[in-house]
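A.B. asks: See input_23.tsv below, with TSV, C-alpha atoms.
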chain	number	residue	atom	x	y	z
A	1470	MET	CA	79.14	-5.24	108.75
A	1471	ALA	CA	76.22	-4.52	111.07
A	1472	ASN	CA	75.59	-8.22	111.61
A	1473	LEU	CA	79.28	-8.97	112.17
A	1474	ALA	CA	79.52	-6.10	114.66
A	1475	ALA	CA	76.39	-7.26	116.49
A	1476	VAL	CA	77.76	-10.79	116.89
A	1477	LEU	CA	81.18	-9.59	118.04
A	1478	HIS	CA	79.52	-7.36	120.62
A	1479	SER	CA	77.67	-10.39	121.97
A	1480	MET	CA	80.84	-12.52	122.29
A	1481	PRO	CA	83.14	-12.72	125.31
A	1482	SER	CA	86.26	-10.59	124.98
A	1483	SER	CA	88.36	-13.78	124.78
A	1484	VAL	CA	86.82	-14.24	121.33
A	1485	SER	CA	85.95	-10.73	120.14
A	1486	GLY	CA	89.30	-9.37	121.33
A	1487	ARG	CA	91.11	-11.76	119.01
A	1488	VAL	CA	89.09	-10.96	115.87
A	1489	LYS	CA	90.18	-8.09	113.64
A	1490	VAL	CA	87.67	-6.96	111.05
A	1491	VAL	CA	89.25	-5.35	108.00
A	1492	PHE	CA	87.01	-3.80	105.36
A	1493	VAL	CA	88.42	-3.24	101.86
A	1494	THR	CA	86.59	-0.70	99.74
A	1495	VAL	CA	86.05	-1.45	96.06
A	1496	ASP	CA	85.24	2.20	95.34
A	1497	PRO	CA	88.35	4.09	96.49
A	1498	ALA	CA	87.39	7.17	94.48
A	1499	ARG	CA	84.23	7.66	96.53
A	1500	ASP	CA	85.37	6.18	99.84
A	1501	THR	CA	87.91	8.68	101.07
A	1502	ARG	CA	89.78	7.89	104.30
A	1503	ALA	CA	87.50	10.15	106.30
A	1504	ARG	CA	84.34	8.78	104.72
A	1505	LEU	CA	85.46	5.18	105.28
A	1506	ARG	CA	86.30	5.88	108.91
A	1507	GLN	CA	82.98	7.60	109.51
A	1508	TRP	CA	81.06	4.68	108.00
A	1509	LEU	CA	82.98	2.00	109.93
A	1510	ASP	CA	82.53	3.93	113.18
A	1511	THR	CA	78.77	3.47	112.85
A	1512	PHE	CA	79.38	-0.25	113.38
A	1513	GLU	CA	82.50	-0.48	115.53
A	1514	PRO	CA	85.41	1.96	115.93
A	1515	ALA	CA	87.87	-0.96	116.07
A	1516	PHE	CA	87.02	-2.02	112.51
A	1517	VAL	CA	89.84	-1.24	110.09
A	1518	GLY	CA	89.29	0.27	106.63
A	1519	LEU	CA	91.64	-0.26	103.70
A	1520	ARG	CA	91.89	1.67	100.44
A	1521	ALA	CA	93.98	0.87	97.40
A	1522	SER	CA	93.77	1.39	93.65
A	1523	LEU	CA	91.03	-0.66	92.03
A	1524	ASP	CA	93.66	-2.59	90.06
A	1525	SER	CA	95.36	-3.67	93.27
A	1526	VAL	CA	92.05	-4.65	94.85
A	1527	ASN	CA	91.10	-6.64	91.76
A	1528	GLN	CA	94.44	-8.47	91.83
A	1529	VAL	CA	93.75	-9.56	95.39
A	1530	GLN	CA	90.22	-10.57	94.50
A	1531	GLU	CA	91.51	-12.60	91.56
A	1532	SER	CA	93.99	-14.42	93.81
A	1533	LEU	CA	91.06	-15.37	96.05
A	1534	ASN	CA	88.95	-16.55	93.09
A	1535	LEU	CA	86.52	-13.69	93.63
A	1536	PRO	CA	85.02	-11.78	90.69
A	1537	ALA	CA	86.69	-8.50	89.82
A	1538	THR	CA	84.90	-5.27	90.65
A	1539	THR	CA	83.14	-3.64	87.71
A	1540	ILE	CA	82.09	-0.01	87.36
A	1541	ASP	CA	79.31	0.83	84.92
A	1542	SER	CA	77.97	4.25	84.03
A	1543	LEU	CA	74.23	4.61	84.41
A	1544	PRO	CA	72.09	6.24	81.72
A	1545	GLN	CA	70.46	8.53	84.30
A	1546	GLY	CA	73.89	9.67	85.52
A	1547	GLY	CA	76.17	8.34	88.22
A	1548	TYR	CA	77.55	4.83	88.19
A	1549	ALA	CA	76.95	1.35	89.61
A	1550	VAL	CA	79.65	-0.76	91.26
A	1551	GLY	CA	79.37	-4.51	90.85
A	1552	HIS	CA	81.36	-6.37	93.47
A	1553	SER	CA	81.53	-9.44	95.63
A	1554	ALA	CA	80.34	-9.09	99.23
A	1555	ALA	CA	82.26	-12.01	100.66
A	1556	VAL	CA	83.90	-12.11	104.07
A	1557	ILE	CA	87.19	-13.95	104.17
A	1558	ALA	CA	88.41	-15.45	107.41
A	1559	VAL	CA	92.19	-15.31	107.57
A	1560	VAL	CA	94.08	-17.04	110.35
A	1561	LYS	CA	97.84	-16.44	110.53
A	1562	ASP	CA	98.06	-15.31	106.89
A	1563	SER	CA	96.16	-18.31	105.66
A	1564	VAL	CA	92.66	-18.16	104.22
A	1565	ARG	CA	90.44	-20.50	106.23
A	1566	VAL	CA	86.89	-19.83	105.11
A	1567	LEU	CA	85.15	-17.68	102.53
A	1568	TYR	CA	81.72	-16.59	103.75
A	1569	PRO	CA	79.30	-15.48	101.02
A	1570	PHE	CA	76.86	-12.61	101.38
A	1571	GLY	CA	73.90	-13.84	103.40
A	1572	THR	CA	75.88	-15.46	106.20
A	1573	ARG	CA	73.66	-15.13	109.25
A	1574	GLN	CA	74.48	-13.90	112.73
A	1575	GLU	CA	73.79	-17.37	114.05
A	1576	ASP	CA	76.48	-18.78	111.72
A	1577	TRP	CA	79.01	-16.15	112.76
A	1578	ALA	CA	78.30	-16.90	116.41
A	1579	HIS	CA	79.00	-20.55	115.73
A	1580	ASP	CA	82.13	-20.10	113.61
A	1581	LEU	CA	84.01	-17.22	115.23
A	1582	PRO	CA	84.91	-19.08	118.45
A	1583	LEU	CA	86.09	-22.03	116.34
A	1584	LEU	CA	88.25	-19.77	114.17
A	1585	VAL	CA	89.73	-18.10	117.25
A	1586	ALA	CA	90.42	-21.51	118.76
A	1587	SER	CA	92.31	-22.49	115.61
A	1588	ILE	CA	94.78	-19.62	116.14
A	1589	PRO	CA	97.89	-21.04	117.76
A	1590	GLY	CA	97.44	-20.05	121.40
A	1591	GLY	CA	93.75	-19.13	120.76
A	1592	SER	CA	91.09	-19.71	123.39
A	1593	SER	CA	88.92	-22.82	123.15
A	1594	PRO	CA	85.29	-22.33	122.03
B	1333	MET	CA	55.25	2.29	92.36
B	1334	GLN	CA	54.00	-0.46	94.68
B	1335	TRP	CA	50.30	-1.18	95.36
B	1336	TRP	CA	51.06	-2.95	98.67
B	1337	CYS	CA	54.07	-2.71	101.00
B	1338	SER	CA	56.70	-5.44	100.72
B	1339	ALA	CA	60.40	-5.90	101.45
B	1340	ARG	CA	62.31	-4.21	98.61
B	1341	GLY	CA	65.92	-4.32	99.80
B	1342	ILE	CA	66.52	-0.65	99.06
B	1343	PRO	CA	67.76	1.85	101.66
B	1344	TRP	CA	65.00	3.31	103.85
B	1345	SER	CA	63.88	6.80	102.95
B	1346	TRP	CA	61.45	9.17	104.66
B	1347	THR	CA	60.09	10.16	101.25
B	1348	TRP	CA	56.32	9.55	101.16
B	1349	GLN	CA	55.09	6.77	98.87
B	1350	PRO	CA	51.52	5.97	97.83
B	1351	TYR	CA	50.11	2.44	98.34
B	1352	VAL	CA	46.97	2.30	96.21
B	1353	GLY	CA	45.93	-1.16	97.43
B	1354	VAL	CA	45.76	0.08	101.02
B	1355	TRP	CA	43.64	3.07	99.98
B	1356	LEU	CA	41.24	0.82	98.06
B	1357	LEU	CA	40.84	-1.44	101.10
B	1358	VAL	CA	40.17	1.53	103.38
B	1359	ILE	CA	37.69	3.06	100.91
B	1360	ALA	CA	35.92	-0.31	100.50
B	1361	LEU	CA	35.59	-0.63	104.28
B	1362	GLY	CA	34.31	2.93	104.58
B	1363	VAL	CA	31.72	2.51	101.80
B	1364	ALA	CA	30.51	-0.83	103.19
B	1365	TYR	CA	30.06	0.57	106.70
B	1366	TYR	CA	28.34	3.71	105.39
B	1367	ARG	CA	25.78	1.57	103.53
B	1368	TRP	CA	25.24	-0.77	106.49
B	1369	HIS	CA	24.72	2.13	108.88
B	1370	ARG	CA	22.31	3.88	106.50
B	1371	ARG	CA	20.30	0.71	105.97
B	1372	THR	CA	19.79	0.16	109.71
B	1373	SER	CA	19.31	3.84	110.58
B	1374	GLY	CA	16.82	4.30	113.41
B	1375	ALA	CA	16.96	0.68	114.58
B	1376	GLU	CA	19.09	1.58	117.62
B	1377	ALA	CA	19.19	4.37	120.18
B	1378	SER	CA	21.18	7.32	118.87
B	1379	SER	CA	23.69	7.14	121.76
B	1380	ILE	CA	24.62	3.54	120.81
B	1381	ARG	CA	24.74	4.47	117.12
B	1382	ARG	CA	27.20	7.24	117.90
B	1383	TRP	CA	29.45	4.76	119.72
B	1384	ARG	CA	29.20	2.34	116.80
B	1385	ILE	CA	30.15	5.05	114.30
B	1386	ALA	CA	33.08	6.12	116.49
B	1387	ALA	CA	34.27	2.49	116.75
B	1388	THR	CA	33.94	2.09	112.97
B	1389	CYS	CA	36.01	5.21	112.33
B	1390	ALA	CA	38.66	4.13	114.86
B	1391	GLY	CA	38.80	0.60	113.36
B	1392	ILE	CA	39.19	1.85	109.79
B	1393	ALA	CA	41.77	4.43	110.89
B	1394	THR	CA	43.75	1.67	112.65
B	1395	VAL	CA	43.78	-0.42	109.46
B	1396	TRP	CA	44.85	2.58	107.40
B	1397	VAL	CA	47.66	3.76	109.69
B	1398	THR	CA	48.94	0.19	110.14
B	1399	LEU	CA	49.18	-0.61	106.43
B	1400	ASP	CA	50.02	2.70	104.78
B	1401	TRP	CA	53.32	4.64	104.66
B	1402	PRO	CA	55.44	4.82	106.80
B	1403	VAL	CA	54.33	1.99	109.15
B	1404	GLY	CA	53.50	-0.41	106.31
B	1405	PRO	CA	56.85	-0.39	104.47
B	1406	LEU	CA	58.86	-0.20	107.73
B	1407	GLY	CA	57.12	-3.34	109.01
B	1408	ALA	CA	57.25	-5.13	105.67
B	1409	GLY	CA	60.94	-4.81	104.99
B	1410	TYR	CA	62.99	-3.09	107.67
B	1411	LEU	CA	61.99	-3.54	111.32
B	1412	VAL	CA	60.59	-6.74	112.77
B	1413	SER	CA	59.39	-4.78	115.83
B	1414	VAL	CA	57.12	-2.69	113.59
B	1415	HIS	CA	55.97	-5.91	111.86
B	1416	MET	CA	54.91	-7.24	115.27
B	1417	VAL	CA	53.10	-4.03	116.19
B	1418	GLN	CA	51.25	-4.31	112.86
B	1419	PHE	CA	50.07	-7.78	113.85
B	1420	MET	CA	48.70	-6.52	117.14
B	1421	ALA	CA	46.97	-3.57	115.47
B	1422	LEU	CA	45.39	-5.75	112.75
B	1423	ALA	CA	44.49	-8.75	114.92
B	1424	PHE	CA	43.82	-7.26	118.36
B	1425	VAL	CA	42.82	-3.61	117.94
B	1426	ALA	CA	41.03	-3.11	114.59
B	1427	PRO	CA	38.79	-6.24	114.68
B	1428	PRO	CA	36.91	-5.58	117.95
B	1429	LEU	CA	36.37	-1.96	116.86
B	1430	LEU	CA	35.12	-2.97	113.41
B	1431	LEU	CA	32.86	-5.68	114.85
B	1432	PHE	CA	31.38	-3.37	117.48
B	1433	GLY	CA	30.85	-0.83	114.72
B	1434	LEU	CA	28.50	-3.16	112.84
B	1435	PRO	CA	24.89	-2.20	113.43
B	1436	ALA	CA	22.75	-4.45	115.66
B	1437	GLY	CA	21.08	-7.15	113.62
B	1438	TRP	CA	23.59	-6.78	110.78
B	1439	GLU	CA	23.90	-10.55	110.55
B	1440	THR	CA	20.19	-11.06	109.97
B	1441	SER	CA	20.22	-8.52	107.14
B	1442	LEU	CA	22.64	-10.71	105.16
B	1443	PRO	CA	21.48	-13.14	102.45
B	1444	SER	CA	20.60	-16.43	104.17
B	1445	ARG	CA	23.38	-18.40	102.45
B	1446	ILE	CA	26.09	-15.99	103.59
B	1447	ALA	CA	24.59	-15.77	107.08
B	1448	GLY	CA	24.54	-19.58	107.28
B	1449	SER	CA	28.22	-19.87	106.28
B	1450	LEU	CA	29.17	-17.13	108.77
B	1451	ALA	CA	27.25	-18.86	111.54
B	1452	LYS	CA	29.19	-22.09	110.88
B	1453	GLY	CA	32.66	-20.59	110.47
B	1454	LEU	CA	32.42	-18.12	113.32
B	1455	ARG	CA	31.50	-20.56	116.06
B	1456	PRO	CA	33.96	-20.19	118.96
B	1457	LEU	CA	35.96	-23.37	118.49
B	1458	PRO	CA	36.72	-23.06	114.74
B	1459	ALA	CA	37.38	-19.33	115.17
B	1460	TRP	CA	39.75	-19.96	118.09
B	1461	ILE	CA	41.64	-22.73	116.27
B	1462	GLY	CA	41.83	-20.72	113.05
B	1463	PHE	CA	43.16	-17.64	114.83
B	1464	ASN	CA	45.88	-19.56	116.65
B	1465	ALA	CA	46.84	-21.41	113.46
B	1466	VAL	CA	47.33	-18.05	111.72
B	1467	VAL	CA	49.34	-16.74	114.69
B	1468	VAL	CA	51.69	-19.73	114.61
B	1469	ILE	CA	52.03	-20.04	110.82
B	1470	THR	CA	52.69	-16.33	110.27
B	1471	GLN	CA	55.54	-16.37	112.81
B	1472	LEU	CA	57.46	-19.17	111.08
B	1473	PRO	CA	60.71	-17.83	109.56
B	1474	PRO	CA	60.35	-19.55	106.14
B	1475	VAL	CA	56.81	-18.18	105.81
B	1476	VAL	CA	57.80	-14.63	106.77
B	1477	ASP	CA	60.94	-14.63	104.59
B	1478	THR	CA	59.01	-15.91	101.57
B	1479	LEU	CA	55.78	-13.93	101.78
B	1480	MET	CA	57.13	-10.55	102.83
B	1481	ALA	CA	59.38	-10.41	99.77
B	1482	SER	CA	56.43	-9.88	97.40
B	1483	GLN	CA	53.48	-7.52	97.35
B	1484	VAL	CA	50.99	-10.38	96.92
B	1485	GLY	CA	52.59	-12.32	99.78
B	1486	SER	CA	52.59	-9.28	102.05
B	1487	PHE	CA	48.96	-8.58	101.12
B	1488	VAL	CA	48.01	-12.18	102.00
B	1489	PHE	CA	49.90	-11.80	105.28
B	1490	ASP	CA	48.14	-8.59	106.32
B	1491	LEU	CA	44.67	-9.74	105.31
B	1492	SER	CA	45.13	-13.11	107.04
B	1493	TRP	CA	45.88	-11.22	110.29
B	1494	LEU	CA	42.82	-9.01	109.89
B	1495	ALA	CA	40.54	-11.93	108.93
B	1496	ALA	CA	41.85	-14.13	111.75
B	1497	GLY	CA	41.37	-11.25	114.20
B	1498	LEU	CA	37.80	-10.67	113.04
B	1499	ALA	CA	37.05	-14.40	113.46
B	1500	PHE	CA	38.69	-14.50	116.90
B	1501	TRP	CA	36.82	-11.47	118.27
B	1502	TRP	CA	33.48	-12.37	116.69
B	1503	PRO	CA	32.24	-14.72	119.49
B	1504	LEU	CA	33.20	-12.07	122.07
B	1505	VAL	CA	31.83	-8.94	120.40
B	1506	ARG	CA	28.94	-10.07	118.20
B	1507	ARG	CA	27.84	-13.22	120.10
B	1508	TRP	CA	25.99	-14.47	117.05
B	1509	PRO	CA	24.50	-16.99	116.40
B	1510	PRO	CA	22.90	-17.32	119.86
B	1511	PRO	CA	23.31	-18.64	122.50
B	1512	GLY	CA	27.08	-18.00	122.23
B	1513	LEU	CA	29.62	-18.51	124.99
B	1514	SER	CA	28.74	-18.17	128.65
B	1515	ALA	CA	30.41	-15.31	130.53
B	1516	PRO	CA	33.10	-17.46	132.22
B	1517	LEU	CA	33.86	-19.22	128.95
B	1518	ARG	CA	34.30	-15.88	127.22
B	1519	LEU	CA	37.12	-15.10	129.65
B	1520	VAL	CA	38.76	-18.49	129.04
B	1521	TYR	CA	38.36	-18.02	125.27
B	1522	LEU	CA	40.04	-14.60	125.32
B	1523	LEU	CA	42.95	-15.45	127.60
B	1524	GLY	CA	43.54	-18.86	126.01
B	1525	GLY	CA	43.46	-17.32	122.55
B	1526	MET	CA	46.23	-14.89	123.41
B	1527	MET	CA	48.58	-17.51	124.84
B	1528	ALA	CA	50.20	-18.56	121.54
B	1529	HIS	CA	50.94	-14.96	120.63
B	1530	MET	CA	52.27	-14.13	124.07
B	1531	ALA	CA	54.48	-17.23	124.06
B	1532	SER	CA	55.97	-16.26	120.71
B	1533	GLY	CA	56.63	-12.76	122.06
B	1534	LEU	CA	58.60	-14.25	124.93
B	1535	VAL	CA	60.54	-16.46	122.48
B	1536	PHE	CA	61.43	-13.43	120.34
B	1537	ALA	CA	62.70	-11.61	123.40
B	1538	GLN	CA	64.92	-14.58	124.34
B	1539	VAL	CA	66.43	-15.70	121.00
B	1540	PRO	CA	69.88	-14.06	120.76
B	1541	PHE	CA	70.02	-13.85	116.95
B	1542	PRO	CA	67.57	-12.60	114.32
B	1543	LEU	CA	65.03	-15.23	113.34
B	1544	TYR	CA	64.04	-13.71	110.03
B	1545	ARG	CA	66.51	-13.41	107.16
B	1546	ILE	CA	64.47	-10.62	105.57
B	1547	TYR	CA	64.98	-8.31	108.57
B	1548	GLU	CA	68.53	-9.47	109.30
B	1549	PHE	CA	69.66	-8.43	105.81
B	1550	ALA	CA	67.36	-5.44	105.38
B	1551	PRO	CA	69.21	-2.25	104.47
B	1552	PRO	CA	70.21	-0.95	107.90
B	1553	ILE	CA	68.44	1.91	109.61
B	1554	PRO	CA	71.15	3.84	111.48
B	1555	GLY	CA	71.28	2.96	115.16
B	1556	VAL	CA	69.09	-0.14	114.85
B	1557	ASN	CA	70.55	-3.62	115.19
B	1558	PRO	CA	68.38	-6.52	113.91
B	1559	ALA	CA	68.85	-8.59	117.09
B	1560	ASP	CA	67.99	-5.64	119.36
B	1561	ASP	CA	65.03	-4.81	117.13
B	1562	GLN	CA	63.76	-8.39	117.51
B	1563	PHE	CA	64.23	-8.22	121.28
B	1564	GLN	CA	62.25	-4.98	121.43
B	1565	GLY	CA	59.60	-6.50	119.17
B	1566	GLY	CA	59.22	-9.46	121.53
B	1567	GLY	CA	58.88	-7.07	124.45
B	1568	LEU	CA	56.27	-5.00	122.62
B	1569	MET	CA	54.32	-8.16	121.76
B	1570	THR	CA	54.26	-9.28	125.38
B	1571	LEU	CA	53.36	-5.81	126.65
B	1572	GLY	CA	50.67	-5.43	123.98
B	1573	ASP	CA	49.18	-8.83	124.80
B	1574	VAL	CA	49.04	-7.94	128.51
B	1575	LEU	CA	47.34	-4.61	127.74
B	1576	VAL	CA	44.83	-6.11	125.31
B	1577	GLY	CA	44.18	-8.97	127.74
B	1578	MET	CA	43.58	-6.56	130.64
B	1579	VAL	CA	41.23	-4.31	128.67
B	1580	GLY	CA	39.44	-7.34	127.21
B	1581	VAL	CA	38.99	-8.97	130.62
B	1582	ALA	CA	37.76	-5.68	132.14
B	1583	LEU	CA	35.16	-5.27	129.37
B	1584	LEU	CA	34.05	-8.92	129.60
B	1585	LEU	CA	33.70	-8.68	133.40
B	1586	ALA	CA	31.65	-5.49	133.03
B	1587	ALA	CA	29.41	-7.23	130.47
B	1588	TRP	CA	29.08	-10.25	132.80
B	1589	ARG	CA	28.02	-7.96	135.66
B	1590	ARG	CA	25.44	-6.25	133.47
B	1591	GLU	CA	24.04	-9.62	132.41
B	1592	GLU	CA	23.81	-10.80	136.03
B	1593	SER	CA	22.09	-7.57	137.08
B	1594	ALA	CA	19.60	-7.90	134.23
B	1595	ARG	CA	18.93	-11.53	135.17
B	1596	GLU	CA	18.38	-10.65	138.84
B	1597	ALA	CA	16.07	-7.81	137.89
B	1598	ALA	CA	14.06	-10.17	135.71
B	1599	GLN	CA	13.72	-12.64	138.60
B	1600	GLN	CA	12.46	-10.04	141.14
B	1601	PRO	CA	8.78	-10.66	142.01
B	1602	THR	CA	6.54	-7.93	140.69
B	1603	PRO	CA	5.28	-5.76	143.59
B	1604	PRO	CA	1.52	-5.93	144.16
B	1605	HIS	CA	-0.48	-2.96	142.92
Turn the structure described in the file into structure tokens.

C.D. replies:
Amino acid sequence: MANLAAVLHSMPSSVSGRVKVVFVTVDPARDTRARLRQWLDTFEPAFVGLRASLDSVNQVQESLNLPATTIDSLPQGGYAVGHSAAVIAVVKDSVRVLYPFGTRQEDWAHDLPLLVASIPGGSSP
Amino acid sequence: MQWWCSARGIPWSWTWQPYVGVWLLVIALGVAYYRWHRRTSGAEASSIRRWRIAATCAGIATVWVTLDWPVGPLGAGYLVSVHMVQFMALAFVAPPLLLFGLPAGWETSLPSRIAGSLAKGLRPLPAWIGFNAVVVITQLPPVVDTLMASQVGSFVFDLSWLAAGLAFWWPLVRRWPPPGLSAPLRLVYLLGGMMAHMASGLVFAQVPFPLYRIYEFAPPIPGVNPADDQFQGGGLMTLGDVLVGMVGVALLLAAWRREESAREAAQQPTPPH
């Protein structure tokens, strides 16, 4: 999120203004609305946070061929959440690209103008 | 527990952590200097000895602060700007202090085989080339991303900076084996030797995106953006190089003036009695 925010801040508003970042939590029990908002605000107040039941989130992940989120109790107490950390680029309700964890700022800076340009009526890169 | 700082990928915490490898290095340096100073006790004027002991303490303290918690782990796995400050401390600050701290004639007290190897390896040209090679190689993203991820790699990184710094400063501080560089060449050697590092500092300040994966994906420290951190690191490198260059040039010019004065005094005809 920090890297995505940094790249968007470096882009002209003709690009950054047309990109909506939506973060979906895979731990809705921990990530309350307030907590999610507070966390996203550390990167960019315009970022949107979504919460849903874990079953609903897993259904969406399955439809995108992403692994389902797993929650395991730890012997020392607490729990660990196993989840994908992919970023999915959606243009006009259609999935265009799935970016794995480790996508670099340089790659975002290259791809975001192209994705915006692919929006009907989007600005050219 | 880690024995040397490396990138761990866990959130940063201000909880103190011990790094035994760093302590052993600092203790080894302290013991070695104590023995060298004791062995040559009385060979120099006490005022110079006091300066040498002060330089030794400052050099060892610089190594310790640079490698131990919190600077060590911050530079190894979180902030590239701190990583760059570590380079300057280990290559530009600690080495001249440690070399000045060596007692006069230290080289001649070494076993002849070691002294012979030192005399060959620490000639100005090999030292200059070696230093700049280390500067360039240790700035390459694949090298940084690979080595900083392990304790051994990070240890190699830090010691290569210190060793390269000692080699680079040797012809300027120790001037052994004689005759060494002439005064004007010492200035050229110093300024030329800092060019590669200064150029990379300017590059870091200009590149818009993080160069190193390890710092780009480090667990974030609130309020710090990897690209801004790199920009600040490049600025610190350039500023540090300018400062070190200015102090170095001032000291070399002062030494040059002293040498000229001594030469002129030696050439004065002796007054008749």

A.B. asks: Could you please give me, as a PDB file with C-alpha atoms, in the frame of the given file, the residues of protein, DNA or RNA lying at most 8 Å from (22.9, -7.5, 118.0) in the coordinate frame of the file, considering all atoms listed in the file?

C.D. replies:
ATOM      1  CA  PRO B1435      24.890  -2.200 113.430  1.00  0.00           C
ATOM      2  CA  ALA B1436      22.750  -4.450 115.660  1.00  0.00           C
ATOM      3  CA  GLY B1437      21.080  -7.150 113.620  1.00  0.00           C
ATOM      4  CA  TRP B1438      23.590  -6.780 110.780  1.00  0.00           C
ATOM      5  CA  ARG B1506      28.940 -10.070 118.200  1.00  0.00           C
ATOM      6  CA  ARG B1507      27.840 -13.220 120.100  1.00  0.00           C
ATOM      7  CA  TRP B1508      25.990 -14.470 117.050  1.00  0.00           C
TER       8      TRP B1508
END

A.B. asks: What residues in chain A have any atom no more than 8 Å from chain B when counting all atoms listed in the file, and can you write them as a VMD selection string?

C.D. replies: chain A and resid 1471 to 1472 1475 1511 1571 1573 to 1575

A.B. asks: Would you write out those residues with C-alpha atoms, as a PDB file, in the frame of the given file?

C.D. replies:
ATOM      1  CA  ALA A1471      76.220  -4.520 111.070  1.00  0.00           C
ATOM      2  CA  ASN A1472      75.590  -8.220 111.610  1.00  0.00           C
ATOM      3  CA  ALA A1475      76.390  -7.260 116.490  1.00  0.00           C
ATOM      4  CA  THR A1511      78.770   3.470 112.850  1.00  0.00           C
ATOM      5  CA  GLY A1571      73.900 -13.840 103.400  1.00  0.00           C
ATOM      6  CA  ARG A1573      73.660 -15.130 109.250  1.00  0.00           C
ATOM      7  CA  GLN A1574      74.480 -13.900 112.730  1.00  0.00           C
ATOM      8  CA  GLU A1575      73.790 -17.370 114.050  1.00  0.00           C
TER       9      GLU A1575
END

A.B. asks: Expressed in Å to a single decimal, how great is the separation between CA of Trp1396 (chain B) and CA of Ile1359 (chain B)?

C.D. replies: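 That distance, rounded to one decimal, is 9.7 Å.
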
A.B. asks: Glu1591 (chain B): which residues within 10 Å, counting only C-alpha atoms, same-chain residues fewer than 6 positions away excluded, as a compact mmCIF listing (two decimals) with C-alpha atoms, keeping the file's coordinate frame?

C.D. replies:
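Dumped to out34.txt:
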# COMPACT_ATOMS: atom_id res chain seq x y z
CA ALA B 1515 30.41 -15.31 130.53
CA LEU B 1585 33.70 -8.68 133.40
CA ALA B 1597 16.07 -7.81 137.89

A.B. asks: Counting all atoms listed in the file, which residue out of A:Arg1565, A:His1478, A:His1552, A:Arg1506 sits closest to Val1491 (chain A)?

C.D. replies: A:Arg1506

A.B. asks: So, counting only C-alpha atoms, which residue among A:Val1556, A:Leu1519, A:Ala1549, A:Val1476 is closest to Val1493 (chain A)?

C.D. replies: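 Residue with the minimum atom-to-atom distance to Val1493 (chain A): A:Leu1519.
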
A.B. asks: If we count only C-alpha atoms and set the cut-off at 12 Å, which residues sit around Leu1357 (chain B), ignoring sequence neighbours fewer than 4 positions away in its own chain? Please answer as a list in words.

C.D. replies: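 The residues satisfying every condition are Trp1335, Trp1336, Tyr1351, Val1352, Gly1353, Leu1361, Gly1362, Val1363, Ala1364, Ile1392, Ala1393, Val1395, Trp1396, Leu1399, Asp1400, Phe1487, Asp1490, Leu1491 and Leu1494 of chain B.
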
A.B. asks: Write the selection just made, keeping C-alpha atoms, as a compact mmCIF listing (two decimals), in the coordinates of the input?

C.D. replies:
# COMPACT_ATOMS: atom_id res chain seq x y z
CA TRP B 1335 50.30 -1.18 95.36
CA TRP B 1336 51.06 -2.95 98.67
CA TYR B 1351 50.11 2.44 98.34
CA VAL B 1352 46.97 2.30 96.21
CA GLY B 1353 45.93 -1.16 97.43
CA LEU B 1361 35.59 -0.63 104.28
CA GLY B 1362 34.31 2.93 104.58
CA VAL B 1363 31.72 2.51 101.80
CA ALA B 1364 30.51 -0.83 103.19
CA ILE B 1392 39.19 1.85 109.79
CA ALA B 1393 41.77 4.43 110.89
CA VAL B 1395 43.78 -0.42 109.46
CA TRP B 1396 44.85 2.58 107.40
CA LEU B 1399 49.18 -0.61 106.43
CA ASP B 1400 50.02 2.70 104.78
CA PHE B 1487 48.96 -8.58 101.12
CA ASP B 1490 48.14 -8.59 106.32
CA LEU B 1491 44.67 -9.74 105.31
CA LEU B 1494 42.82 -9.01 109.89

A.B. asks: Could you check how far CA of Asp1576 (chain A) sits from CA of Ser1563 (chain A), in Å to one decimal?

C.D. replies: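 So the two atoms, CA of Asp1576 (chain A) and CA of Ser1563 (chain A), lie 20.6 Å apart.
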
A.B. asks: Would you please work out which residue, of A:Gly1546, A:Thr1538, A:Trp1577, A:Pro1582, is nearest to Ser1482 (chain A) when using only C-alpha atoms?

C.D. replies: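 The closest residue to Ser1482 (chain A) is A:Pro1582.
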
A.B. asks: Which residues are close to Leu1584 (chain A), i.e. within 12 Å by only C-alpha atoms, leaving aside same-chain residues fewer than 6 positions away? Reply as a ChimeraX atom specification.

C.D. replies: /A:1484-1485,1487-1489,1557-1561,1563-1566,1577-1578,1590-1594

A.B. asks: Return the single residue from A:Asp1541, A:Met1470, A:Ser1483, A:Leu1535 that is closest to Phe1512 (chain A), with distances computed using all atoms listed in the file.

C.D. replies: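 For Phe1512 (chain A), the nearest of the candidates is A:Met1470.
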
A.B. asks: Report as a ChimeraX atom specification all protein, DNA and RNA residues lying within 10 Å of Leu1457 (chain B), evaluated on all atoms listed in the file, omitting residues in the same chain fewer than 5 positions from it.

C.D. replies: /B:1462-1463,1500,1503,1521

A.B. asks: Quick one: residues within 10 Å of Trp1460 (chain B), all atoms listed in the file, excluding same-chain residues fewer than 5 positions away - as a PyMOL selection string?

C.D. replies: chain B and resi 1454-1455+1465+1496-1497+1499-1503+1521-1522+1524-1526

A.B. asks: Nearest to Val1397 (chain B): which of B:Leu1411, B:Val1358, B:Ala1582, B:Leu1431 is it, counting all atoms listed in the file?

C.D. replies: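 For Val1397 (chain B), the nearest of the candidates is B:Val1358.
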